[in-house]
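Peer 1: Got a structure for you, written out below as structure tokens; questions coming shortly.
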Amino acid sequence: MNLVKGNSIIRGPEDVVREITRRIGTSFPCAEPHNLTFSIGGKPFPVDPRDFLLQERSNSVARCISNVAATDPPAVGSYLFSWSLGTPFLKRYVLHQIAVAAQIS
């Protein structure tokens, strides 16, 4: 798993991304509730829907699309497919840990 700051898209293996898209659709009403949770080390890490959904059109909250895309296939001899969680994941969990550490200090 790769935690990359500056990447505004959640990227993962094509088959898993395809299944996410199958379940929520390519375009859907923004008012429909959707959940996305990663299990890391057996612990659930939910991603806020505002962080993995995008408005289909600027200035319109009528339709949304997923902010999840397939990673590029691995090069021969390299690692298997992996996730790149980027800013949508990091902003919640890393900032939370920084805030907790600041309260402890």
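Residues are referred to by chain and number: the chain letter is A, B, ... according to the order shown in the structure tokens, the number counts from 1 in that chain, and ligands are numbered separately from 1 in the order shown.
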Fewer than 4 positions away in the same chain doesn't count, so skip those; otherwise give me all residues within 10 Å of Pro33 (chain A), counting only C-alpha atoms, as a list in words.

Peer 2: Ile24, Pro29 and Pro49 of chain A

Peer 1: Region 64-80 of chain A: which residues within 12 Å, counting only C-alpha atoms, same-chain residues fewer than 5 positions away excluded, as a ChimeraX atom specification?

Peer 2: /A:1-2,7-36,47-59,85-89

Peer 1: At what distance in Å, to one decimal, does CA of Phe45 (chain A) lie from CA of Tyr93 (chain A)?

Peer 2: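 Between CA of Tyr93 (chain A) and CA of Phe45 (chain A) the gap works out to 8.4 Å.
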
Peer 1: Go ahead and compute the interatomic distance for CA of Ser82 (chain A) and CA of Ser39 (chain A), in Å to one decimal.

Peer 2: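 Spanning CA of Ser82 (chain A) to CA of Ser39 (chain A) is a straight-line distance of 13.6 Å.
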